[in-house]
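This is target15.tsv. It holds TSV, C-alpha atoms and all ligand atoms.
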chain	number	residue	atom	x	y	z
W	1	SER	CA	0.00	0.00	0.00
W	2	VAL	CA	2.94	2.29	0.56
W	3	MET	CA	3.91	1.68	-3.05
W	4	VAL	CA	0.39	2.34	-4.27
W	5	ALA	CA	0.03	5.38	-2.04
W	6	GLY	CA	3.40	6.62	-3.23
W	7	ALA	CA	2.46	6.17	-6.86
W	8	VAL	CA	-0.86	7.89	-6.34
W	9	ALA	CA	0.83	10.69	-4.41
W	10	ALA	CA	3.37	11.10	-7.22
W	11	LEU	CA	0.56	11.20	-9.76
W	12	SER	CA	-1.33	13.85	-7.91
W	13	GLU	CA	1.82	15.92	-7.63
W	14	ILE	CA	2.28	15.73	-11.40
W	15	TRP	CA	-1.28	16.64	-12.18
W	16	GLY	CA	-1.60	19.04	-9.28
W	17	GLU	CA	-4.68	21.05	-8.66
W	18	LEU	CA	-6.20	20.17	-12.02
W	19	GLN	CA	-6.39	16.51	-11.18
W	20	ARG	CA	-7.65	17.31	-7.72
W	21	ALA	CA	-10.42	19.45	-9.15
W	22	ALA	CA	-11.45	16.65	-11.47
W	23	GLY	CA	-11.74	14.28	-8.52
W	24	ALA	CA	-9.49	11.82	-10.33
W	25	THR	CA	-7.67	10.84	-7.16
W	26	GLU	CA	-10.87	9.79	-5.45
W	27	ARG	CA	-11.90	7.83	-8.51
W	28	LEU	CA	-8.61	6.01	-8.57
W	29	VAL	CA	-8.97	5.05	-4.94
W	30	GLU	CA	-12.51	3.88	-5.45
W	31	LEU	CA	-11.15	1.62	-8.17
W	32	LEU	CA	-8.25	0.43	-6.04
W	33	ASN	CA	-10.69	-0.47	-3.28
W	34	VAL	CA	-12.61	-2.56	-5.75
W	35	GLU	CA	-9.42	-4.23	-6.97
W	36	ASP	CA	-8.60	-5.15	-3.41
W	37	ASN	CA	-11.88	-6.95	-3.00
W	38	VAL	CA	-11.01	-9.07	-5.98
W	39	ARG	CA	-7.50	-10.00	-4.95
W	40	ASP	CA	-7.58	-10.34	-1.17
W	41	PRO	CA	-10.34	-12.68	-0.10
W	42	GLU	CA	-8.70	-14.17	3.00
W	43	THR	CA	-9.25	-11.47	5.60
W	44	ALA	CA	-12.58	-12.18	7.28
W	45	GLN	CA	-10.93	-12.16	10.70
W	46	ALA	CA	-9.19	-8.88	10.08
W	47	LEU	CA	-12.46	-7.31	8.99
W	48	HIS	CA	-14.06	-8.56	12.16
W	49	ASP	CA	-11.25	-7.02	14.23
W	50	ALA	CA	-11.68	-3.70	12.49
W	51	GLU	CA	-15.43	-3.65	12.99
W	52	LYS	CA	-15.25	-1.27	15.90
W	53	GLY	CA	-13.97	1.52	13.69
W	54	ALA	CA	-12.48	3.98	16.18
W	55	VAL	CA	-10.50	6.64	14.29
W	56	SER	CA	-7.96	8.94	15.94
W	57	PHE	CA	-5.71	11.74	14.74
W	58	GLU	CA	-3.11	12.32	17.43
W	59	SER	CA	-1.36	15.65	17.07
W	60	VAL	CA	-1.17	15.21	13.31
W	61	THR	CA	0.83	17.74	11.33
W	62	PHE	CA	1.05	17.43	7.56
W	63	HIS	CA	2.52	19.45	4.68
W	64	TYR	CA	1.87	18.54	1.05
W	65	PRO	CA	5.18	17.75	-0.67
W	66	ALA	CA	4.40	20.45	-3.25
W	67	ARG	CA	3.90	23.05	-0.52
W	68	PRO	CA	6.39	22.35	2.27
W	69	SER	CA	6.11	25.83	3.80
W	70	GLN	CA	2.44	25.57	4.69
W	71	ALA	CA	0.88	23.09	7.11
W	72	ALA	CA	-2.29	21.62	5.59
W	73	LEU	CA	-2.92	20.12	9.04
W	74	ASP	CA	-1.38	21.64	12.12
W	75	HIS	CA	-1.37	19.53	15.32
W	76	VAL	CA	-4.83	18.10	14.71
W	77	ASN	CA	-6.36	15.99	17.46
W	78	LEU	CA	-9.54	14.24	16.42
W	79	HIS	CA	-11.13	11.22	18.06
W	80	VAL	CA	-14.09	9.63	16.38
W	81	LYS	CA	-15.88	6.96	18.39
W	82	PRO	CA	-17.04	3.70	16.82
W	83	GLY	CA	-20.38	4.32	15.13
W	84	GLU	CA	-20.15	8.07	15.47
W	85	THR	CA	-20.91	10.42	12.55
W	86	VAL	CA	-18.83	13.58	12.37
W	87	ALA	CA	-19.27	16.37	9.86
W	88	LEU	CA	-16.11	18.21	8.81
W	89	VAL	CA	-16.80	21.82	7.86
W	90	GLY	CA	-14.74	24.94	7.27
W	91	PRO	CA	-13.75	27.43	4.60
W	92	SER	CA	-12.02	26.36	1.40
W	93	GLY	CA	-8.47	25.20	2.09
W	94	ALA	CA	-9.13	24.58	5.79
W	95	GLY	CA	-7.94	20.96	5.67
W	96	LYS	CA	-11.14	18.91	5.43
W	97	SER	CA	-10.16	16.96	2.32
W	98	THR	CA	-6.68	16.44	3.72
W	99	ILE	CA	-8.21	14.52	6.63
W	100	ILE	CA	-9.91	12.22	4.10
W	101	GLN	CA	-6.73	11.87	2.02
W	102	LEU	CA	-4.57	10.93	5.01
W	103	LEU	CA	-7.18	8.40	6.12
W	104	GLN	CA	-6.72	6.70	2.77
W	105	ARG	CA	-2.94	6.79	3.18
W	106	PHE	CA	-2.36	8.86	0.06
W	107	TYR	CA	0.15	10.47	2.35
W	108	ASP	CA	1.46	9.82	5.85
W	109	PRO	CA	1.63	12.53	8.53
W	110	ASP	CA	4.88	14.46	9.02
W	111	ALA	CA	4.34	14.30	12.77
W	112	GLY	CA	1.84	12.62	15.04
W	113	ARG	CA	-0.13	9.52	14.08
W	114	ILE	CA	-3.44	8.32	12.75
W	115	THR	CA	-4.89	5.17	14.27
W	116	LEU	CA	-7.71	2.79	13.50
W	117	ASN	CA	-8.83	0.89	16.59
W	118	GLY	CA	-5.59	1.98	18.21
W	119	THR	CA	-3.31	0.68	15.44
W	120	ASP	CA	-1.19	3.16	13.50
W	121	LEU	CA	-2.30	3.09	9.84
W	122	ARG	CA	1.38	2.65	8.91
W	123	ASP	CA	1.43	-0.64	10.83
W	124	MET	CA	-1.67	-2.11	9.21
W	125	ALA	CA	-1.54	-4.65	6.40
W	126	ARG	CA	-2.78	-3.19	3.15
W	127	HIS	CA	-5.72	-5.60	2.82
W	128	ASP	CA	-6.88	-5.03	6.42
W	129	PHE	CA	-6.71	-1.32	5.90
W	130	ARG	CA	-8.54	-1.37	2.56
W	131	ARG	CA	-11.29	-3.51	4.01
W	132	ALA	CA	-11.79	-1.22	6.95
W	133	ILE	CA	-12.42	1.95	4.99
W	134	ALA	CA	-14.96	2.77	2.27
W	135	LEU	CA	-15.12	6.01	0.32
W	136	VAL	CA	-18.07	7.68	-1.32
W	137	PRO	CA	-16.39	10.27	-3.55
W	138	GLN	CA	-17.88	13.58	-4.54
W	139	GLU	CA	-18.15	12.49	-8.16
W	140	PRO	CA	-18.69	8.74	-8.30
W	141	VAL	CA	-17.45	6.72	-11.25
W	142	ILE	CA	-20.17	5.14	-13.34
W	143	PHE	CA	-18.80	2.33	-15.48
W	144	ALA	CA	-20.09	1.51	-18.97
W	145	ALA	CA	-22.03	-1.52	-17.74
W	146	SER	CA	-25.45	-2.44	-16.38
W	147	ALA	CA	-26.77	-0.58	-13.37
W	148	ARG	CA	-26.68	-3.88	-11.50
W	149	ASP	CA	-22.99	-4.46	-12.23
W	150	ASN	CA	-22.22	-0.86	-11.36
W	151	ILE	CA	-23.52	-1.51	-7.85
W	152	ARG	CA	-21.92	-4.96	-7.68
W	153	PHE	CA	-18.50	-3.33	-8.12
W	154	GLY	CA	-18.76	-2.65	-4.39
W	155	LEU	CA	-18.50	-6.36	-3.71
W	156	PRO	CA	-17.74	-8.54	-6.72
W	157	GLY	CA	-19.59	-11.82	-6.35
W	158	ALA	CA	-22.52	-10.31	-4.48
W	159	SER	CA	-25.84	-11.93	-5.39
W	160	ASP	CA	-28.56	-10.07	-7.29
W	161	ALA	CA	-30.62	-10.14	-4.09
W	162	ASP	CA	-27.79	-8.45	-2.17
W	163	VAL	CA	-27.42	-5.86	-4.93
W	164	GLU	CA	-31.14	-5.10	-4.78
W	165	GLN	CA	-31.13	-4.90	-1.00
W	166	ALA	CA	-28.26	-2.40	-1.11
W	167	ALA	CA	-30.07	-0.41	-3.80
W	168	ARG	CA	-33.22	-0.26	-1.68
W	169	ALA	CA	-31.25	0.95	1.33
W	170	ALA	CA	-29.59	3.55	-0.90
W	171	ALA	CA	-32.99	4.84	-2.11
W	172	ALA	CA	-32.03	3.78	-5.62
W	173	HIS	CA	-34.45	0.90	-6.21
W	174	ASP	CA	-37.34	3.02	-7.49
W	175	PHE	CA	-35.36	4.90	-10.12
W	176	LEU	CA	-33.55	1.72	-11.16
W	177	THR	CA	-36.76	-0.24	-11.75
W	178	ALA	CA	-38.10	2.73	-13.76
W	179	LEU	CA	-35.19	2.53	-16.25
W	180	PRO	CA	-36.00	0.91	-19.63
W	181	ASP	CA	-34.48	-2.47	-18.64
W	182	GLY	CA	-34.59	-2.00	-14.90
W	183	TYR	CA	-31.40	-3.09	-13.15
W	184	ASP	CA	-30.08	-4.47	-16.45
W	185	THR	CA	-30.15	-1.08	-18.13
W	186	TYR	CA	-26.81	-0.17	-19.62
W	187	VAL	CA	-25.63	3.05	-17.98
W	188	GLY	CA	-22.57	5.27	-18.29
W	189	GLU	CA	-20.88	5.93	-21.60
W	190	ARG	CA	-23.26	5.38	-24.51
W	191	GLY	CA	-25.88	4.14	-22.09
W	192	VAL	CA	-28.51	5.90	-20.05
W	193	MET	CA	-27.01	8.97	-18.41
W	194	LEU	CA	-27.75	9.19	-14.72
W	195	SER	CA	-28.33	12.42	-12.83
W	196	GLY	CA	-25.88	13.57	-10.17
W	197	GLY	CA	-28.17	12.39	-7.39
W	198	GLN	CA	-28.64	9.01	-9.05
W	199	LYS	CA	-24.89	8.52	-9.41
W	200	GLN	CA	-24.44	9.32	-5.75
W	201	ARG	CA	-27.03	6.75	-4.76
W	202	ILE	CA	-25.27	4.12	-6.92
W	203	ALA	CA	-22.02	4.95	-5.09
W	204	ILE	CA	-23.81	4.69	-1.75
W	205	ALA	CA	-25.29	1.31	-2.71
W	206	ARG	CA	-21.75	0.14	-3.58
W	207	ALA	CA	-20.48	1.28	-0.21
W	208	ILE	CA	-23.38	-0.46	1.54
W	209	LEU	CA	-22.32	-3.69	-0.21
W	210	ARG	CA	-18.71	-3.15	0.85
W	211	ASP	CA	-19.89	-2.96	4.46
W	212	ALA	CA	-16.70	-1.39	5.83
W	213	PRO	CA	-16.72	-0.20	9.46
W	214	VAL	CA	-15.36	3.22	8.54
W	215	LEU	CA	-16.99	5.38	5.92
W	216	LEU	CA	-15.51	8.47	4.31
W	217	LEU	CA	-17.98	10.62	2.47
W	218	ASP	CA	-17.09	13.63	0.39
W	219	GLU	CA	-20.44	15.25	-0.07
W	220	ALA	CA	-21.23	16.72	-3.49
W	221	THR	CA	-21.16	20.49	-3.67
W	222	SER	CA	-23.47	20.65	-6.64
W	223	ALA	CA	-27.10	21.41	-5.94
W	224	LEU	CA	-29.60	18.60	-6.46
W	225	ASP	CA	-33.30	18.95	-7.04
W	226	ALA	CA	-35.35	18.68	-3.86
W	227	GLU	CA	-36.54	15.12	-4.45
W	228	SER	CA	-33.06	13.83	-5.26
W	229	GLU	CA	-31.72	15.73	-2.25
W	230	ARG	CA	-34.11	13.93	0.08
W	231	ALA	CA	-33.35	10.54	-1.49
W	232	VAL	CA	-29.59	11.04	-1.15
W	233	GLN	CA	-30.06	12.13	2.47
W	234	THR	CA	-32.03	8.95	3.19
W	235	ALA	CA	-29.31	6.87	1.52
W	236	VAL	CA	-26.53	8.53	3.49
W	237	GLU	CA	-28.40	7.89	6.73
W	238	ALA	CA	-28.80	4.20	5.87
W	239	LEU	CA	-25.11	3.95	5.05
W	240	SER	CA	-23.78	5.78	8.09
W	241	ALA	CA	-25.98	4.00	10.64
W	242	ASN	CA	-23.81	1.80	12.90
W	243	ARG	CA	-20.68	2.86	11.08
W	244	THR	CA	-17.97	5.34	11.95
W	245	THR	CA	-18.53	8.11	9.43
W	246	LEU	CA	-16.50	11.17	8.48
W	247	ILE	CA	-18.31	13.49	6.09
W	248	VAL	CA	-16.87	16.51	4.35
W	249	ALA	CA	-20.21	18.25	4.60
W	250	HIS	CA	-21.67	20.81	2.25
W	251	ARG	CA	-25.30	20.53	3.26
W	252	LEU	CA	-27.11	21.87	6.26
W	253	ALA	CA	-29.32	18.76	6.44
W	254	THR	CA	-26.16	16.66	6.82
W	255	VAL	CA	-24.55	18.67	9.60
W	256	LYS	CA	-27.81	18.75	11.53
W	257	LYS	CA	-27.96	14.94	11.46
W	258	ALA	CA	-24.30	14.51	12.48
W	259	ASP	CA	-23.45	13.52	16.05
W	260	ARG	CA	-20.77	16.18	16.06
W	261	ILE	CA	-19.60	18.98	13.81
W	262	ILE	CA	-15.86	19.70	13.62
W	263	VAL	CA	-14.92	23.14	12.34
W	264	PHE	CA	-11.57	23.51	10.55
W	265	ASP	CA	-9.74	26.71	9.74
W	266	GLN	CA	-6.23	26.98	8.32
W	267	GLY	CA	-5.34	23.39	9.17
W	268	ARG	CA	-6.59	23.51	12.74
W	269	ILE	CA	-9.73	22.45	14.54
W	270	VAL	CA	-11.19	25.71	15.83
W	271	ALA	CA	-14.55	24.57	17.21
W	272	GLU	CA	-16.74	21.53	17.65
W	273	GLY	CA	-20.25	20.81	18.82
W	274	SER	CA	-23.80	20.48	17.56
W	275	HIS	CA	-25.29	22.82	15.00
W	276	ASP	CA	-27.29	24.68	17.64
W	277	GLU	CA	-24.29	24.99	19.98
W	278	LEU	CA	-22.05	26.28	17.23
W	279	VAL	CA	-24.61	28.74	15.85
W	280	GLY	CA	-25.10	29.94	19.45
W	281	GLU	CA	-21.37	30.63	19.73
W	282	GLY	CA	-21.70	32.96	16.75
W	283	GLY	CA	-18.15	32.31	15.43
W	284	LEU	CA	-16.83	31.02	12.13
W	285	TYR	CA	-19.45	28.26	12.02
W	286	ALA	CA	-22.37	30.67	12.29
W	287	ARG	CA	-21.01	32.58	9.29
W	288	LEU	CA	-20.40	29.39	7.32
W	289	ALA	CA	-23.89	28.12	8.08
W	290	ARG	CA	-25.33	31.27	6.54
W	291	LEU	CA	-23.09	31.32	3.48
W	292	GLN	CA	-21.72	27.91	2.65
W	293	PHE	CA	-24.34	25.20	2.79
W	294	THR	CA	-25.89	24.62	-0.61
W	295	ASP	CA	-29.28	23.93	0.92
W	296	GLY	CA	-28.86	27.13	3.02
W	297	LEU	CA	-30.56	28.34	6.18
W	298	ALA	CA	-33.01	30.29	4.04
W	299	ALA	CA	-34.62	26.98	3.11
W	300	GLU	CA	-35.71	26.36	6.69
W	401	LIG	P1	-12.16	22.70	0.01
W	401	LIG	O1	-13.43	22.91	0.77
W	401	LIG	O2	-11.87	23.83	-0.92
W	401	LIG	O3	-12.06	21.37	-0.64
W	401	LIG	P2	-10.48	21.79	2.22
W	401	LIG	O4	-10.89	22.26	3.55
W	401	LIG	O5	-10.85	20.42	1.85
W	401	LIG	O6	-10.96	22.82	1.10
W	401	LIG	P3	-7.78	20.90	1.74
W	401	LIG	O7	-8.03	20.42	0.36
W	401	LIG	O8	-7.65	19.89	2.80
W	401	LIG	O9	-8.90	21.96	2.15
W	401	LIG	O10	-6.49	21.84	1.68
W	401	LIG	C1	-5.74	22.24	2.81
W	401	LIG	C2	-4.54	23.05	2.33
W	401	LIG	O11	-3.66	22.22	1.59
W	401	LIG	C3	-4.92	24.19	1.38
W	401	LIG	O12	-4.07	25.26	1.63
W	401	LIG	C4	-4.70	23.60	0.00
W	401	LIG	O13	-4.39	24.61	-0.91
W	401	LIG	C5	-3.50	22.71	0.27
W	401	LIG	N1	-3.48	21.55	-0.66
W	401	LIG	C6	-4.45	20.66	-0.88
W	401	LIG	N2	-4.07	19.70	-1.74
W	401	LIG	C7	-2.80	19.99	-2.08
W	401	LIG	C8	-1.83	19.37	-2.94
W	401	LIG	N3	-2.08	18.24	-3.62
W	401	LIG	N4	-0.61	19.96	-3.04
W	401	LIG	C9	-0.32	21.10	-2.36
W	401	LIG	N5	-1.19	21.72	-1.54
W	401	LIG	C10	-2.41	21.18	-1.39
What is this structure when it is put down as C-alpha cells?
Ligand code: ATP
Amino acid sequence: SVMVAGAVAALSEIWGELQRAAGATERLVELLNVEDNVRDPETAQALHDAEKGAVSFESVTFHYPARPSQAALDHVNLHVKPGETVALVGPSGAGKSTIIQLLQRFYDPDAGRITLNGTDLRDMARHDFRRAIALVPQEPVIFAASARDNIRFGLPGASDADVEQAARAAAAHDFLTALPDGYDTYVGERGVMLSGGQKQRIAIARAILRDAPVLLLDEATSALDAESERAVQTAVEALSANRTTLIVAHRLATVKKADRIIVFDQGRIVAEGSHDELVGEGGLYARLARLQFTDGLAAE
C-alpha cells in the first residue's frame, strides 16, 4: 500500500490542482478499493477485528510535498468513536479533504499519528486497511455496464438479491426499476445517463455492499433537485448507521444529522459541537452556516 500510495501521491503531484479538481484521485482510490476486494479474499478475521472503527488523529501535522512551507494540518487531534458520525466543515483550504486523504494513506503525517482501533495506519496490512475503509467520492465513477454491475463493483460476487437490498437501502431501487431495462439497463458511456443524485445513490449502494466499518464521504457540492436531495439524504443515513462516518459536509441537512460537527480553519480544529451549539457561539461556524451550505438556512 505504501507503493500504491506513493504512486498515487506522485501522480497527484504531477497533475496538481487540475487533477484534484477533477476528482481523479478519489476515482482512482474507489477503483483500487474494488481491486482489493477481488485479490484479497482471505481477511474475514481482520475485517471482524476492524469492525469497531475507532478513528484517531493524534497531534497530526502534515505538509503537502508540493507546498512544504504551509501546514495543511497543524497539530490536529480528532477522536471519532465507533459508530459516530462527524461532519467536517470549514472554509475552502481549511484541511477537510486532507483529513480524508490521510485516512486513505495517500500520504502519511509528518508528525503525530493516525490510528484505526488503536493501530497506526502505517502498521496495518494493506488488505486489512482497505477492508476497513470505504469512500463515497464527490463524483462517483459510473462504469459503462449495467446498473446492477455498477452496484456490484462494491462487492464482486454479491448476489442479485444483495445488490437489490443495497439499492433499496440507498434509495435507488425506485429509479432503477423505472429505467428501460430496470437493473439491467446499460448506464454510463453510450448508455442511459444518470443524474448527479442518481450517481451518488449508486455509489452509496456500492459502499453499503462493501460494508466497511469506517466510511468516508465527500459530499457533493453541486445542488440537487429537492426530491433527489431527500433521497440522497435517506441513503446517506442508511449507510452511516452503525458505522464510523466522516463526512466533508456541504449541506445543512447533513450537519444537523451529524453527532458532532468539527470546524476547521487553516489546518486547525477551531470549534466543535452540535449545529445549535455552534450557531449559538456565533463564530466562524455561524457565518459558514449562513453562506456555505448549498441547501442554506433560508430553506428552513
Ligand atoms: P475545500 O473545501 O476547498 O475542498 P479543504 O478544507 O478540503 O478545502 P484541503 O483540500 O484539505 O482543504 O487543503 C488544505 C490546504 O492544503 C490548502 O491550503 C490547499 O491549498 C492545500 N493543498 C491541498 N491539496 C494539495 C496538494 N495536492 N498539493 C499542495 N497543496 C495542497
Close residues to ligand LIG 401 (chain W) using all atoms listed in the file, limit 8 Å, as a PDB file with C-alpha atoms, keeping the file's coordinate frame:
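What ended up in pocket.pdb:
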ATOM      1  CA  SER W  12      -1.330  13.850  -7.910  1.00  0.00           C
ATOM      2  CA  GLU W  13       1.820  15.920  -7.630  1.00  0.00           C
ATOM      3  CA  GLY W  16      -1.600  19.040  -9.280  1.00  0.00           C
ATOM      4  CA  GLU W  17      -4.680  21.050  -8.660  1.00  0.00           C
ATOM      5  CA  ARG W  20      -7.650  17.310  -7.720  1.00  0.00           C
ATOM      6  CA  HIS W  63       2.520  19.450   4.680  1.00  0.00           C
ATOM      7  CA  TYR W  64       1.870  18.540   1.050  1.00  0.00           C
ATOM      8  CA  PRO W  65       5.180  17.750  -0.670  1.00  0.00           C
ATOM      9  CA  ALA W  66       4.400  20.450  -3.250  1.00  0.00           C
ATOM     10  CA  ARG W  67       3.900  23.050  -0.520  1.00  0.00           C
ATOM     11  CA  GLN W  70       2.440  25.570   4.690  1.00  0.00           C
ATOM     12  CA  ALA W  71       0.880  23.090   7.110  1.00  0.00           C
ATOM     13  CA  ALA W  72      -2.290  21.620   5.590  1.00  0.00           C
ATOM     14  CA  LEU W  73      -2.920  20.120   9.040  1.00  0.00           C
ATOM     15  CA  VAL W  89     -16.800  21.820   7.860  1.00  0.00           C
ATOM     16  CA  GLY W  90     -14.740  24.940   7.270  1.00  0.00           C
ATOM     17  CA  PRO W  91     -13.750  27.430   4.600  1.00  0.00           C
ATOM     18  CA  SER W  92     -12.020  26.360   1.400  1.00  0.00           C
ATOM     19  CA  GLY W  93      -8.470  25.200   2.090  1.00  0.00           C
ATOM     20  CA  ALA W  94      -9.130  24.580   5.790  1.00  0.00           C
ATOM     21  CA  GLY W  95      -7.940  20.960   5.670  1.00  0.00           C
ATOM     22  CA  LYS W  96     -11.140  18.910   5.430  1.00  0.00           C
ATOM     23  CA  SER W  97     -10.160  16.960   2.320  1.00  0.00           C
ATOM     24  CA  THR W  98      -6.680  16.440   3.720  1.00  0.00           C
ATOM     25  CA  ILE W  99      -8.210  14.520   6.630  1.00  0.00           C
ATOM     26  CA  VAL W 248     -16.870  16.510   4.350  1.00  0.00           C
ATOM     27  CA  PHE W 264     -11.570  23.510  10.550  1.00  0.00           C
ATOM     28  CA  ASP W 265      -9.740  26.710   9.740  1.00  0.00           C
ATOM     29  CA  GLN W 266      -6.230  26.980   8.320  1.00  0.00           C
ATOM     30  CA  GLY W 267      -5.340  23.390   9.170  1.00  0.00           C
TER      31      GLY W 267
END
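Non-sequential neighbours of Gly53 (chain W) (distance at most 6 Å, separation of 4 or more positions within a chain, only C-alpha atoms) are Pro82, Asn117, Pro213, Val214 and Thr244 of chain W.
Shortest atom-to-atom contact with Leu155 (chain W) among W:Phe143, W:Ala231, W:Arg210, W:Lys257: W:Arg210, counting all atoms listed in the file.
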Please list as a ChimeraX atom specification every residue within 12 Å of Glu237 (chain W), counting all atoms listed in the file and excluding residues in the same chain fewer than 2 positions away. /W:85,169-171,201,204-205,208,215,217,230-235,239-245,247,253-259
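By chain and then residue number, the residues within 12 Å of Glu277 (chain W) are W:Lys256, W:Arg260, W:Ile261, W:Ile262, W:Ala271, W:Glu272, W:Gly273, W:Ser274, W:Gly280, W:Glu281, W:Gly282, W:Gly283, W:Tyr285, W:Ala286, counting only C-alpha atoms and disregarding those fewer than 3 positions away in sequence.
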Just the selected residues (C-alpha atoms), exported as a compact mmCIF listing (two decimals), keeping the file's coordinate frame, please.
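And here is the file that came out, part17.txt:
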# COMPACT_ATOMS: atom_id res chain seq x y z
CA LYS W 256 -27.81 18.75 11.53
CA ARG W 260 -20.77 16.18 16.06
CA ILE W 261 -19.60 18.98 13.81
CA ILE W 262 -15.86 19.70 13.62
CA ALA W 271 -14.55 24.57 17.21
CA GLU W 272 -16.74 21.53 17.65
CA GLY W 273 -20.25 20.81 18.82
CA SER W 274 -23.80 20.48 17.56
CA GLY W 280 -25.10 29.94 19.45
CA GLU W 281 -21.37 30.63 19.73
CA GLY W 282 -21.70 32.96 16.75
CA GLY W 283 -18.15 32.31 15.43
CA TYR W 285 -19.45 28.26 12.02
CA ALA W 286 -22.37 30.67 12.29
Residue among W:His127, W:Arg251, W:Arg268, W:Lys199 lying closest to His75 (chain W), counting all atoms listed in the file: W:Arg268
Atom pair CA of Ala132 (chain W) + CA of Ala212 (chain W), distance 5.0 Å
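Distance-wise, CA of Asp184 (chain W) and CA of Phe153 (chain W) end up 14.3 Å apart.
Proximity of W:Asp295, W:Asp276, W:Asp174, W:Glu164 to Glu229 (chain W), computed with all atoms listed in the file, is greatest for W:Asp295.
Relative to CA of Leu135 (chain W), CA of Val192 (chain W) is found at 24.4 Å.
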At a cut-off of 9 Å from (-21.3, 10.8, -7.3) in the coordinates of the file, what residues are picked up using all atoms listed in the file, written as a PyMOL selection string? chain W and resi 136-142+196-204+219-220
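Residues surrounding Ala145 (chain W) within 12 Å are Ile151, Arg152, Phe153, Tyr183, Asp184, Thr185, Tyr186, Val187, Gly188, Glu189, Arg190, Gly191, Val192 and Met193 of chain W [all atoms listed in the file; sequence separation below 6 positions excluded].
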